[in-house]
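S.K.: Structure file protein-v5.csv (CSV, C-alpha atoms) right here:
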```
chain,number,residue,atom,x,y,z
D,1,MET,CA,-117.4,58.4,-46.9
D,2,LYS,CA,-119.1,60.5,-49.6
D,3,PHE,CA,-122.9,60.9,-50.1
D,4,GLU,CA,-122.4,59.2,-53.4
D,5,THR,CA,-122.0,55.9,-51.5
D,6,TYR,CA,-125.1,56.3,-49.4
D,7,HIS,CA,-128.2,54.1,-50.2
D,8,ILE,CA,-130.3,57.1,-51.0
D,9,SER,CA,-132.2,58.2,-54.1
D,10,SER,CA,-130.1,59.4,-57.0
D,11,ASP,CA,-132.4,62.4,-57.2
D,12,ILE,CA,-131.4,63.4,-53.6
D,13,LYS,CA,-127.7,62.8,-54.5
D,14,ARG,CA,-128.1,65.1,-57.4
D,15,ASN,CA,-129.6,67.8,-55.2
D,16,LEU,CA,-126.8,67.3,-52.6
D,17,SER,CA,-124.2,67.7,-55.4
D,18,ASP,CA,-125.9,70.8,-56.8
D,19,LEU,CA,-125.8,72.3,-53.3
D,20,GLY,CA,-122.1,71.5,-53.0
D,21,PHE,CA,-122.5,68.8,-50.3
D,22,GLN,CA,-120.0,66.0,-51.0
D,23,ARG,CA,-119.3,64.4,-47.6
D,24,PRO,CA,-121.6,64.1,-44.6
D,25,THR,CA,-120.8,66.1,-41.4
D,26,ASP,CA,-120.3,64.2,-38.2
D,27,ILE,CA,-123.9,64.6,-37.1
D,28,GLN,CA,-125.1,63.5,-40.6
D,29,TYR,CA,-122.8,60.5,-40.6
D,30,LYS,CA,-124.1,59.4,-37.2
D,31,ALA,CA,-127.8,60.2,-37.5
D,32,ILE,CA,-128.8,59.3,-41.0
D,33,PRO,CA,-128.3,55.5,-40.7
D,34,SER,CA,-130.4,55.4,-37.5
D,35,ILE,CA,-133.2,57.5,-38.9
D,36,MET,CA,-133.2,55.4,-42.1
D,37,LYS,CA,-133.7,52.3,-39.8
D,38,GLY,CA,-136.8,54.0,-38.3
D,39,GLU,CA,-135.2,54.4,-34.8
D,40,ASP,CA,-136.1,57.2,-32.4
D,41,VAL,CA,-133.1,59.7,-32.2
D,42,LEU,CA,-132.1,62.3,-29.7
D,43,ALA,CA,-129.2,64.3,-31.2
D,44,ILE,CA,-127.2,67.1,-29.7
D,45,ALA,CA,-124.7,68.9,-32.1
D,46,GLN,CA,-123.2,72.3,-32.4
D,47,THR,CA,-124.8,75.0,-34.5
D,48,GLY,CA,-123.8,75.2,-38.1
D,49,THR,CA,-122.9,71.5,-38.3
D,50,GLY,CA,-125.7,70.4,-40.7
D,51,LYS,CA,-128.4,69.2,-38.3
D,52,THR,CA,-131.3,70.0,-40.6
D,53,ALA,CA,-129.9,68.0,-43.5
D,54,ALA,CA,-129.2,65.1,-41.0
D,55,PHE,CA,-132.9,64.5,-40.6
D,56,ALA,CA,-134.2,66.0,-43.9
D,57,ILE,CA,-132.2,63.7,-46.1
D,58,PRO,CA,-133.5,60.3,-44.7
D,59,ILE,CA,-137.0,61.7,-44.4
D,60,ILE,CA,-137.2,62.9,-48.0
D,61,ASP,CA,-135.6,59.6,-49.2
D,62,LYS,CA,-138.1,57.4,-47.3
D,63,ILE,CA,-141.2,59.4,-48.6
D,64,HIS,CA,-139.8,59.6,-52.2
D,65,ARG,CA,-139.3,55.8,-52.3
D,66,SER,CA,-142.8,55.1,-51.0
D,67,LYS,CA,-144.6,57.2,-53.6
D,68,SER,CA,-145.4,56.1,-57.2
D,69,SER,CA,-146.2,59.7,-58.3
D,70,LYS,CA,-146.0,63.3,-57.2
D,71,ARG,CA,-149.6,63.0,-55.8
D,72,SER,CA,-149.7,63.2,-52.0
D,73,TRP,CA,-151.8,60.8,-49.9
D,74,GLY,CA,-151.5,62.9,-46.7
D,75,ILE,CA,-148.9,64.4,-44.5
D,76,GLN,CA,-146.2,61.9,-43.5
D,77,CYS,CA,-143.8,64.0,-41.5
D,78,ILE,CA,-144.2,67.0,-39.1
D,79,VAL,CA,-141.2,69.2,-38.1
D,80,MET,CA,-142.1,71.4,-35.2
D,81,VAL,CA,-139.9,74.4,-34.5
D,82,PRO,CA,-140.1,77.3,-32.0
D,83,THR,CA,-139.8,80.4,-34.2
D,84,ARG,CA,-141.1,81.6,-37.6
D,85,GLU,CA,-137.6,82.4,-38.9
D,86,LEU,CA,-136.5,78.8,-38.1
D,87,ALA,CA,-139.7,77.4,-39.8
D,88,ALA,CA,-138.9,79.4,-43.0
D,89,GLN,CA,-135.2,78.4,-42.9
D,90,ILE,CA,-135.9,74.7,-42.4
D,91,GLY,CA,-138.6,74.8,-45.0
D,92,SER,CA,-136.1,76.2,-47.5
D,93,VAL,CA,-133.7,73.3,-46.8
D,94,PHE,CA,-136.5,70.7,-47.4
D,95,ASP,CA,-137.4,72.5,-50.6
D,96,ALA,CA,-133.8,72.4,-51.8
D,97,LEU,CA,-133.2,68.7,-50.9
D,98,SER,CA,-136.6,67.5,-52.3
D,99,LYS,CA,-136.1,69.2,-55.7
D,100,HIS,CA,-136.4,66.6,-58.5
D,101,THR,CA,-138.2,64.1,-56.1
D,102,LYS,CA,-141.8,63.2,-55.5
D,103,VAL,CA,-141.9,64.9,-52.1
D,104,LYS,CA,-144.0,68.0,-51.5
D,105,THR,CA,-143.2,70.3,-48.6
D,106,ILE,CA,-144.5,73.4,-46.9
D,107,ALA,CA,-143.6,75.7,-44.0
D,108,VAL,CA,-146.5,77.2,-42.1
D,109,PHE,CA,-146.2,79.8,-39.4
D,110,GLY,CA,-148.1,82.8,-38.0
D,111,GLY,CA,-147.9,86.4,-39.0
D,112,VAL,CA,-148.9,85.8,-42.6
D,113,GLU,CA,-152.3,85.0,-44.3
D,114,GLN,CA,-153.6,81.5,-43.7
D,115,ASP,CA,-155.5,81.1,-47.0
D,116,PRO,CA,-152.4,80.5,-49.3
D,117,GLN,CA,-151.2,77.9,-46.7
D,118,ILE,CA,-154.6,76.2,-46.6
D,119,LYS,CA,-154.8,76.1,-50.4
D,120,LYS,CA,-151.4,74.5,-50.7
D,121,LEU,CA,-152.2,72.0,-48.0
D,122,ALA,CA,-155.4,71.1,-49.9
D,123,ASP,CA,-153.3,70.3,-53.0
D,124,GLY,CA,-151.4,67.6,-51.0
D,125,ILE,CA,-148.3,67.9,-48.8
D,126,ASP,CA,-145.9,65.2,-47.6
D,127,VAL,CA,-143.8,67.2,-45.1
D,128,ILE,CA,-145.0,70.2,-43.0
D,129,VAL,CA,-142.6,72.4,-41.1
D,130,ALA,CA,-144.6,74.4,-38.5
D,131,THR,CA,-144.6,76.6,-35.4
D,132,PRO,CA,-147.1,75.2,-32.8
D,133,GLY,CA,-149.6,78.1,-32.9
D,134,ARG,CA,-150.3,78.1,-36.6
D,135,MET,CA,-150.2,74.3,-36.8
D,136,PHE,CA,-152.9,73.9,-34.2
D,137,ASP,CA,-155.0,76.6,-35.8
D,138,LEU,CA,-154.9,74.7,-39.1
D,139,ILE,CA,-155.6,71.3,-37.3
D,140,HIS,CA,-158.7,72.8,-35.7
D,141,GLN,CA,-159.9,74.1,-39.1
D,142,GLY,CA,-159.4,70.7,-40.6
D,143,ALA,CA,-156.7,71.8,-43.0
D,144,ILE,CA,-154.1,69.5,-41.4
D,145,ASN,CA,-154.8,65.8,-40.9
D,146,LEU,CA,-152.3,63.8,-38.8
D,147,LYS,CA,-153.6,60.2,-39.5
D,148,ARG,CA,-150.8,59.3,-41.9
D,149,VAL,CA,-147.9,61.0,-40.0
D,150,ASP,CA,-145.2,58.5,-39.1
D,151,THR,CA,-142.3,60.9,-38.3
D,152,LEU,CA,-142.3,63.7,-35.8
D,153,VAL,CA,-139.2,66.0,-35.6
D,154,LEU,CA,-138.6,68.5,-32.9
D,155,ASP,CA,-135.9,70.9,-34.0
D,156,GLU,CA,-134.3,73.2,-31.4
D,157,ALA,CA,-135.9,70.8,-29.0
D,158,ASP,CA,-134.4,72.5,-25.9
D,159,GLN,CA,-136.2,75.8,-26.7
D,160,MET,CA,-139.4,74.0,-27.7
D,161,LEU,CA,-139.5,72.3,-24.2
D,162,ASP,CA,-138.1,75.4,-22.4
D,163,LEU,CA,-140.9,77.6,-23.8
D,164,GLY,CA,-143.5,75.2,-22.4
D,165,PHE,CA,-144.5,73.5,-25.6
D,166,ILE,CA,-144.4,70.1,-23.9
D,167,ASP,CA,-148.2,70.0,-23.7
D,168,ASP,CA,-148.4,70.9,-27.4
D,169,ILE,CA,-145.9,68.2,-28.3
D,170,SER,CA,-147.8,65.6,-26.2
D,171,ALA,CA,-151.1,66.7,-27.8
D,172,VAL,CA,-149.6,66.2,-31.3
D,173,LYS,CA,-148.2,62.8,-30.4
D,174,ARG,CA,-151.6,61.7,-29.1
D,175,LYS,CA,-153.1,62.4,-32.5
D,176,LEU,CA,-150.4,60.4,-34.4
D,177,PRO,CA,-150.6,56.7,-35.3
D,178,GLN,CA,-149.4,54.6,-32.4
D,179,LYS,CA,-146.4,53.5,-34.4
D,180,HIS,CA,-144.3,56.6,-35.3
D,181,GLN,CA,-140.7,57.8,-35.2
D,182,THR,CA,-139.7,60.7,-33.0
D,183,LEU,CA,-136.5,62.7,-33.6
D,184,PHE,CA,-135.1,65.4,-31.3
D,185,PHE,CA,-132.4,67.7,-32.6
D,186,SER,CA,-130.8,70.6,-30.7
D,187,ALA,CA,-127.5,72.4,-30.1
D,188,THR,CA,-127.8,72.5,-26.3
D,189,ILE,CA,-129.8,70.7,-23.7
D,190,ASN,CA,-129.8,70.7,-19.9
D,191,LYS,CA,-130.6,67.9,-17.5
D,192,GLU,CA,-134.2,69.0,-16.9
D,193,ILE,CA,-135.0,69.4,-20.6
D,194,LYS,CA,-133.2,66.0,-21.3
D,195,LYS,CA,-135.7,64.3,-18.9
D,196,LEU,CA,-138.6,65.8,-20.8
D,197,ALA,CA,-137.1,64.8,-24.1
D,198,PHE,CA,-136.6,61.2,-23.0
D,199,SER,CA,-140.2,61.0,-21.9
D,200,GLN,CA,-141.3,61.6,-25.5
D,201,VAL,CA,-139.1,58.9,-27.2
D,202,LYS,CA,-138.9,55.1,-27.0
D,203,SER,CA,-136.6,53.7,-24.4
D,204,SER,CA,-134.5,52.3,-27.2
D,205,ALA,CA,-133.9,55.7,-28.7
D,206,ILE,CA,-130.5,56.3,-30.2
D,207,ARG,CA,-128.6,59.1,-28.3
D,208,ILE,CA,-126.1,61.1,-30.4
D,209,GLN,CA,-123.9,63.8,-28.9
D,210,ILE,CA,-121.3,65.6,-31.0
D,211,SER,CA,-118.5,67.5,-29.1
D,212,PRO,CA,-120.5,67.6,-25.8
D,213,GLU,CA,-117.5,69.3,-24.1
D,214,ASP,CA,-117.8,72.3,-26.4
D,215,PRO,CA,-121.3,73.3,-27.6
D,216,VAL,CA,-119.8,75.9,-30.1
D,217,SER,CA,-118.1,75.2,-33.4
D,218,LYS,CA,-114.3,75.3,-33.4
D,219,ASN,CA,-114.6,77.7,-36.4
D,220,VAL,CA,-115.7,80.5,-34.0
D,221,SER,CA,-113.2,82.5,-32.0
D,222,HIS,CA,-114.6,84.2,-28.9
D,223,PHE,CA,-113.5,87.6,-27.4
D,224,VAL,CA,-114.9,90.0,-24.9
D,225,VAL,CA,-114.4,93.7,-24.6
D,226,PHE,CA,-115.2,95.5,-21.3
D,227,VAL,CA,-117.2,98.5,-22.3
D,228,GLU,CA,-119.6,100.5,-20.1
D,229,MET,CA,-123.2,100.4,-21.2
D,230,ASP,CA,-123.4,104.1,-22.2
D,231,ASP,CA,-120.2,103.7,-24.3
D,232,LYS,CA,-121.3,100.6,-26.3
D,233,ARG,CA,-122.9,102.6,-29.2
D,234,PHE,CA,-119.7,104.6,-29.8
D,235,PHE,CA,-117.5,101.5,-29.8
D,236,LEU,CA,-119.9,99.7,-32.1
D,237,ARG,CA,-119.9,102.6,-34.6
D,238,ARG,CA,-116.1,102.6,-34.6
D,239,PHE,CA,-115.9,98.8,-35.0
D,240,ILE,CA,-118.3,98.9,-38.1
D,241,ASN,CA,-116.4,101.8,-39.7
D,242,ASP,CA,-113.1,99.8,-39.2
D,243,ASN,CA,-114.7,96.8,-40.9
D,244,PRO,CA,-116.8,98.3,-43.7
D,245,GLU,CA,-117.1,95.2,-45.9
D,246,ALA,CA,-117.9,92.8,-43.0
D,247,ARG,CA,-121.3,91.2,-42.6
D,248,ILE,CA,-122.3,91.6,-39.0
D,249,ILE,CA,-125.2,90.5,-36.8
D,250,VAL,CA,-125.6,92.6,-33.6
D,251,PHE,CA,-127.6,90.9,-30.8
D,252,VAL,CA,-129.4,93.0,-28.3
D,253,ARG,CA,-131.6,92.2,-25.3
D,254,THR,CA,-135.0,93.8,-26.3
D,255,ARG,CA,-137.0,95.2,-29.2
D,256,VAL,CA,-136.6,98.7,-27.9
D,257,ARG,CA,-132.8,98.3,-27.6
D,258,ALA,CA,-132.7,97.1,-31.3
D,259,GLU,CA,-134.4,100.3,-32.5
D,260,ARG,CA,-132.2,102.5,-30.3
D,261,VAL,CA,-129.0,100.9,-31.5
D,262,ALA,CA,-130.2,101.3,-35.1
D,263,LYS,CA,-130.8,105.0,-34.5
D,264,ALA,CA,-127.4,105.5,-32.9
D,265,LEU,CA,-125.8,103.9,-35.9
D,266,GLU,CA,-127.9,106.1,-38.2
D,267,ARG,CA,-126.5,109.2,-36.4
D,268,GLY,CA,-123.1,107.9,-37.4
D,269,ASN,CA,-124.2,107.5,-41.1
D,270,ILE,CA,-124.3,103.7,-40.8
D,271,THR,CA,-127.2,101.9,-42.4
D,272,SER,CA,-128.6,98.9,-40.5
D,273,GLU,CA,-131.9,97.1,-40.2
D,274,THR,CA,-133.6,95.5,-37.2
D,275,LEU,CA,-135.2,92.1,-36.7
D,276,HIS,CA,-137.5,91.5,-33.7
D,277,GLY,CA,-140.9,90.1,-32.7
D,278,GLU,CA,-142.7,93.5,-32.9
D,279,LYS,CA,-142.2,93.7,-36.7
D,280,ASP,CA,-144.9,92.0,-38.7
D,281,GLN,CA,-143.9,88.8,-40.5
D,282,LYS,CA,-143.7,90.4,-44.0
D,283,ASP,CA,-141.2,93.0,-42.7
D,284,ARG,CA,-139.2,90.3,-40.9
D,285,THR,CA,-139.0,88.2,-44.1
D,286,ASP,CA,-138.1,91.2,-46.2
D,287,VAL,CA,-135.3,92.1,-43.8
D,288,MET,CA,-133.9,88.6,-43.8
D,289,ASN,CA,-134.0,88.5,-47.6
D,290,ARG,CA,-132.1,91.8,-47.9
D,291,PHE,CA,-129.5,90.6,-45.5
D,292,LYS,CA,-129.1,87.2,-47.3
D,293,LYS,CA,-128.7,89.0,-50.7
D,294,GLY,CA,-126.1,91.4,-49.3
D,295,GLN,CA,-128.2,94.4,-49.8
D,296,MET,CA,-127.3,95.5,-46.3
D,297,ASN,CA,-124.5,94.3,-44.0
D,298,ILE,CA,-125.6,95.2,-40.5
D,299,LEU,CA,-128.5,93.3,-38.9
D,300,ILE,CA,-129.6,94.2,-35.3
D,301,ALA,CA,-131.6,91.4,-33.8
D,302,THR,CA,-133.1,90.1,-30.7
D,303,ASP,CA,-133.0,86.4,-29.7
D,304,VAL,CA,-136.1,85.8,-31.8
D,305,SER,CA,-133.7,85.2,-34.8
D,306,ALA,CA,-130.8,83.6,-33.0
D,307,ARG,CA,-131.9,80.2,-34.3
D,308,GLY,CA,-133.4,81.2,-37.6
D,309,ILE,CA,-130.5,82.7,-39.5
D,310,ASP,CA,-128.5,80.4,-41.7
D,311,ILE,CA,-126.1,82.5,-43.8
D,312,ALA,CA,-122.7,81.1,-44.7
D,313,ASP,CA,-120.7,84.3,-44.7
D,314,VAL,CA,-121.6,86.2,-41.5
D,315,HIS,CA,-118.1,87.5,-40.4
D,316,TYR,CA,-118.9,88.7,-36.9
D,317,VAL,CA,-121.6,88.2,-34.3
D,318,ILE,CA,-121.5,91.0,-31.8
D,319,ASN,CA,-123.2,90.5,-28.4
D,320,TYR,CA,-124.1,94.2,-27.8
D,321,ASP,CA,-126.0,92.9,-24.7
D,322,LEU,CA,-125.0,89.7,-23.1
D,323,PRO,CA,-127.9,87.2,-23.2
D,324,GLU,CA,-129.7,86.5,-19.9
D,325,LYS,CA,-129.6,82.7,-20.7
D,326,SER,CA,-126.2,81.2,-21.3
D,327,GLU,CA,-127.7,78.8,-23.8
D,328,ASN,CA,-128.7,81.7,-26.0
D,329,TYR,CA,-125.0,82.7,-26.3
D,330,VAL,CA,-124.4,79.4,-28.1
D,331,HIS,CA,-127.3,80.0,-30.5
D,332,ARG,CA,-126.3,83.6,-31.2
D,333,VAL,CA,-122.6,82.9,-32.0
D,334,GLY,CA,-123.6,79.9,-34.1
D,335,ARG,CA,-124.8,82.4,-36.8
D,336,THR,CA,-121.1,82.8,-37.7
D,337,GLY,CA,-118.4,80.1,-38.4
D,338,ARG,CA,-121.0,77.9,-40.2
D,339,GLY,CA,-119.9,75.0,-42.3
D,340,THR,CA,-116.2,75.4,-43.0
D,341,LYS,CA,-116.1,79.2,-42.6
D,342,LYS,CA,-114.3,81.0,-39.8
D,343,GLY,CA,-116.1,83.5,-37.7
D,344,ILE,CA,-115.6,85.8,-34.7
D,345,ALA,CA,-117.9,86.3,-31.7
D,346,LEU,CA,-117.3,89.6,-29.9
D,347,SER,CA,-119.1,90.4,-26.7
D,348,PHE,CA,-119.5,93.8,-25.1
D,349,CYS,CA,-119.6,93.4,-21.4
D,350,SER,CA,-120.5,96.2,-19.0
D,351,THR,CA,-119.8,96.2,-15.3
D,352,GLU,CA,-123.4,95.1,-14.5
D,353,GLU,CA,-123.1,92.2,-17.0
D,354,LYS,CA,-120.1,90.5,-15.5
D,355,ASP,CA,-122.2,87.9,-13.7
D,356,ARG,CA,-123.7,86.9,-17.1
D,357,LEU,CA,-120.3,86.7,-18.6
D,358,GLU,CA,-119.2,84.3,-15.8
D,359,ALA,CA,-122.2,82.2,-16.3
D,360,ILE,CA,-121.6,82.0,-20.1
D,361,GLN,CA,-117.9,80.9,-19.5
D,362,LEU,CA,-119.1,78.2,-17.1
D,363,PHE,CA,-121.6,77.0,-19.7
D,364,LEU,CA,-118.8,76.9,-22.3
D,365,ASN,CA,-116.4,75.3,-19.8
D,366,LYS,CA,-113.7,77.7,-20.9
D,367,PRO,CA,-112.8,81.4,-20.6
D,368,ILE,CA,-113.5,84.0,-23.2
D,369,GLU,CA,-110.4,85.9,-24.2
D,370,PRO,CA,-110.6,89.6,-23.0
D,371,LEU,CA,-109.4,92.3,-25.3
D,372,SER,CA,-108.3,95.8,-24.2
D,373,VAL,CA,-109.7,98.9,-25.8
D,374,SER,CA,-108.5,102.4,-26.1
D,375,LYS,CA,-110.5,104.9,-24.0
D,376,GLN,CA,-109.8,107.8,-26.3
D,377,ASP,CA,-113.5,108.4,-27.1
D,378,TYR,CA,-113.4,104.8,-28.4
D,379,ALA,CA,-112.0,106.4,-31.5
D,380,ASP,CA,-109.3,103.7,-31.6
D,381,THR,CA,-110.5,100.3,-32.2
D,382,ILE,CA,-109.5,97.2,-30.3
D,383,VAL,CA,-105.9,97.2,-29.1
D,384,PHE,CA,-104.6,93.7,-28.7
D,385,SER,CA,-102.0,92.9,-26.1
D,386,ASN,CA,-99.8,91.6,-28.9
D,387,GLU,CA,-100.1,94.9,-30.7
D,388,LYS,CA,-102.3,93.7,-33.5
D,389,GLU,CA,-104.2,96.6,-35.0
D,390,SER,CA,-107.4,95.0,-36.1
D,391,VAL,CA,-109.6,91.9,-35.9
D,392,GLN,CA,-108.5,91.0,-39.4
D,393,ASP,CA,-104.9,90.7,-38.1
D,394,LEU,CA,-106.2,88.4,-35.4
D,395,ILE,CA,-108.0,86.2,-38.0
D,396,LYS,CA,-104.8,85.9,-40.0
D,397,GLU,CA,-102.8,85.0,-36.9
D,398,GLN,CA,-105.4,82.4,-35.9
D,399,GLU,CA,-105.5,80.8,-39.3
D,400,ALA,CA,-101.7,80.6,-39.2
D,401,TRP,CA,-101.8,78.9,-35.8
D,402,GLU,CA,-104.4,76.4,-37.0
D,403,LYS,CA,-102.1,75.5,-40.0
D,404,THR,CA,-99.2,75.0,-37.6
D,405,LYS,CA,-101.4,72.8,-35.4
D,406,LYS,CA,-102.3,70.6,-38.3
D,407,LYS,CA,-98.7,70.2,-39.4
D,408,ARG,CA,-97.7,69.1,-35.8
D,409,LYS,CA,-100.6,66.5,-35.8
D,410,LYS,CA,-99.4,65.1,-39.1
D,411,LYS,CA,-95.8,64.7,-37.7
```
Please express the file's structure as structure tokens.
M.R.:
Amino acid sequence: MKFETYHISSDIKRNLSDLGFQRPTDIQYKAIPSIMKGEDVLAIAQTGTGKTAAFAIPIIDKIHRSKSSKRSWGIQCIVMVPTRELAAQIGSVFDALSKHTKVKTIAVFGGVEQDPQIKKLADGIDVIVATPGRMFDLIHQGAINLKRVDTLVLDEADQMLDLGFIDDISAVKRKLPQKHQTLFFSATINKEIKKLAFSQVKSSAIRIQISPEDPVSKNVSHFVVFVEMDDKRFFLRRFINDNPEARIIVFVRTRVRAERVAKALERGNITSETLHGEKDQKDRTDVMNRFKKGQMNILIATDVSARGIDIADVHYVINYDLPEKSENYVHRVGRTGRGTKKGIALSFCSTEEKDRLEAIQLFLNKPIEPLSVSKQDYADTIVFSNEKESVQDLIKEQEAWEKTKKKRKKK
């Protein structure tokens, strides 16, 4: 089925076509009809599968059809997200999909001046994408009125609930009209979080789960290299030098680690930038924009941005430090292999991190393939057991294997 056959506005179809979206992904195919019917939805799908468009398309279509002009009569939809980067990212998706329509959108989050946001809200907004802190500030100032809201979306619902935002979510729901639609979207969810989620939706809510046995896109190949903590910086430098054109996101555990790794790369004449919560929002936005535009290829980030980076051509995600929470591995590696693109996730595992690796493998329900490395000052890059010389060779081998698999299926 193509988007052209959907009962959605021709303006939205035009936007989808301009963005190169011809056919719905699995999550879009399953979620859009239920959302259009006004049903509550709890959806779990892998990162990079088009979750944002799955709820944005029907929401924009409903609001567009209900309006006779561009003038707004009040906020009709709130999308709550856990991080500023994610708010900005989802806001940009709504902007792109609502182009040519009567729908007006805004993303509001902390770390930037309130006045421009308040002014835009005063001009009339239909959809607001917000982090809880800034949203409640604006509600208390009277800049946001929830009386006409009929749709509440929680994106990355697991993190929202895990971070203790359940009270904020409940407070927002109490302010909404009694009859409203609630949509939960996430890439991962555990039993405890699922209970909390179900407590916030109608008992008749539609439950959608895409590939529950594997929370990570099949476009991502996973590898682990056993490297001692003190040797990681040397190995990272060599890896980057061996892949000079690659766009790479390096995830580290803390803000301090991010800056230290950047300095270690600088000593090797490698330019990189950092993204973490200690930077002010303007700097964080500027860094993201430079990375998106390809003005620099190496981004060193903490988990603050694991869910807020949507760039189609990230070639590698490197887990310089393994995450403390297994779920965060899924969100980190989901920054590569997005859409139809292939990607590689490479983890550096030190002796003291082996327990974390085991937990991640249990969460994924599969082992991560180990790669051997040359100990010669880490001057030689990864040495594969099959004598491949580089990750690029591995990608070619993997793609050839995928083609063989498809041919066998057809037979």
S.K.: Just checking: using only C-alpha atoms, which residue out of D:Val261, D:Leu42, D:Leu176, D:Leu97 ends up closest to Leu154 of chain D?
M.R.: D:Leu42
S.K.: Go through D:Val81, D:Leu152, D:Ile360, D:Ile240 and flag the residue nearest Val224 of chain D, using only C-alpha atoms for the distances.
M.R.: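 Answer, going by the shortest atom-to-atom distance: D:Ile360.
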S.K.: Neighbouring residues of Thr182 of chain D were defined as those with any atom within 8 Å, considering all atoms listed in the file; residues of the same chain fewer than 4 positions away were excluded. Please report them as a VMD selection string.
M.R.: chain D and resid 39 to 41 151 to 154 200 to 201
S.K.: Closest to Arg332 of chain D among D:His222, D:Arg257, D:Arg238, D:Lys51, using only C-alpha atoms?
M.R.: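 Counting only C-alpha atoms, the residue closest to Arg332 of chain D is D:His222.
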S.K.: Could you tell me which of D:Glu192, D:Asp18, D:Asp280, D:Asp230 comes closest to Lys99 of chain D if we count all atoms listed in the file?
M.R.: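 Checking each candidate against Lys99 of chain D, we get D:Asp18 as the closest.
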S.K.: Smallest atom-to-atom distance to Ala171 of chain D: which of D:Phe198, D:Phe136, D:Ile144, D:Val108, using only C-alpha atoms?
M.R.: D:Phe136
S.K.: Kindly give the distance, in Å, that separates atom CA of Met160 of chain D and atom CA of Val330 of chain D, rounded to a single decimal.
M.R.: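 These atoms are spaced 15.9 Å apart.
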S.K.: How many Å lie between atom CA of Leu346 of chain D and atom CA of Val317 of chain D, rounded to one decimal?
M.R.: 6.3 Å
S.K.: Closest to Gly48 of chain D among D:Val256, D:Ile300, D:Ile78, D:Val216, using all atoms listed in the file?
M.R.: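 Counting all atoms listed in the file, the residue closest to Gly48 of chain D is D:Val216.
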S.K.: Write out as a PyMOL selection string the residues lying within 12 Å of Gly111 of chain D, counting only C-alpha atoms and excluding same-chain residues fewer than 5 positions away.
M.R.: chain D and resi 83-85+117+131+133-134+277-285
S.K.: Output the selection as a PDB file, keeping the file's coordinate frame - C-alpha atoms for each residue.
M.R.:
```
ATOM      1  CA  THR D  83    -139.800  80.400 -34.200  1.00  0.00           C
ATOM      2  CA  ARG D  84    -141.100  81.600 -37.600  1.00  0.00           C
ATOM      3  CA  GLU D  85    -137.600  82.400 -38.900  1.00  0.00           C
ATOM      4  CA  GLN D 117    -151.200  77.900 -46.700  1.00  0.00           C
ATOM      5  CA  THR D 131    -144.600  76.600 -35.400  1.00  0.00           C
ATOM      6  CA  GLY D 133    -149.600  78.100 -32.900  1.00  0.00           C
ATOM      7  CA  ARG D 134    -150.300  78.100 -36.600  1.00  0.00           C
ATOM      8  CA  GLY D 277    -140.900  90.100 -32.700  1.00  0.00           C
ATOM      9  CA  GLU D 278    -142.700  93.500 -32.900  1.00  0.00           C
ATOM     10  CA  LYS D 279    -142.200  93.700 -36.700  1.00  0.00           C
ATOM     11  CA  ASP D 280    -144.900  92.000 -38.700  1.00  0.00           C
ATOM     12  CA  GLN D 281    -143.900  88.800 -40.500  1.00  0.00           C
ATOM     13  CA  LYS D 282    -143.700  90.400 -44.000  1.00  0.00           C
ATOM     14  CA  ASP D 283    -141.200  93.000 -42.700  1.00  0.00           C
ATOM     15  CA  ARG D 284    -139.200  90.300 -40.900  1.00  0.00           C
ATOM     16  CA  THR D 285    -139.000  88.200 -44.100  1.00  0.00           C
TER      17      THR D 285
END
```
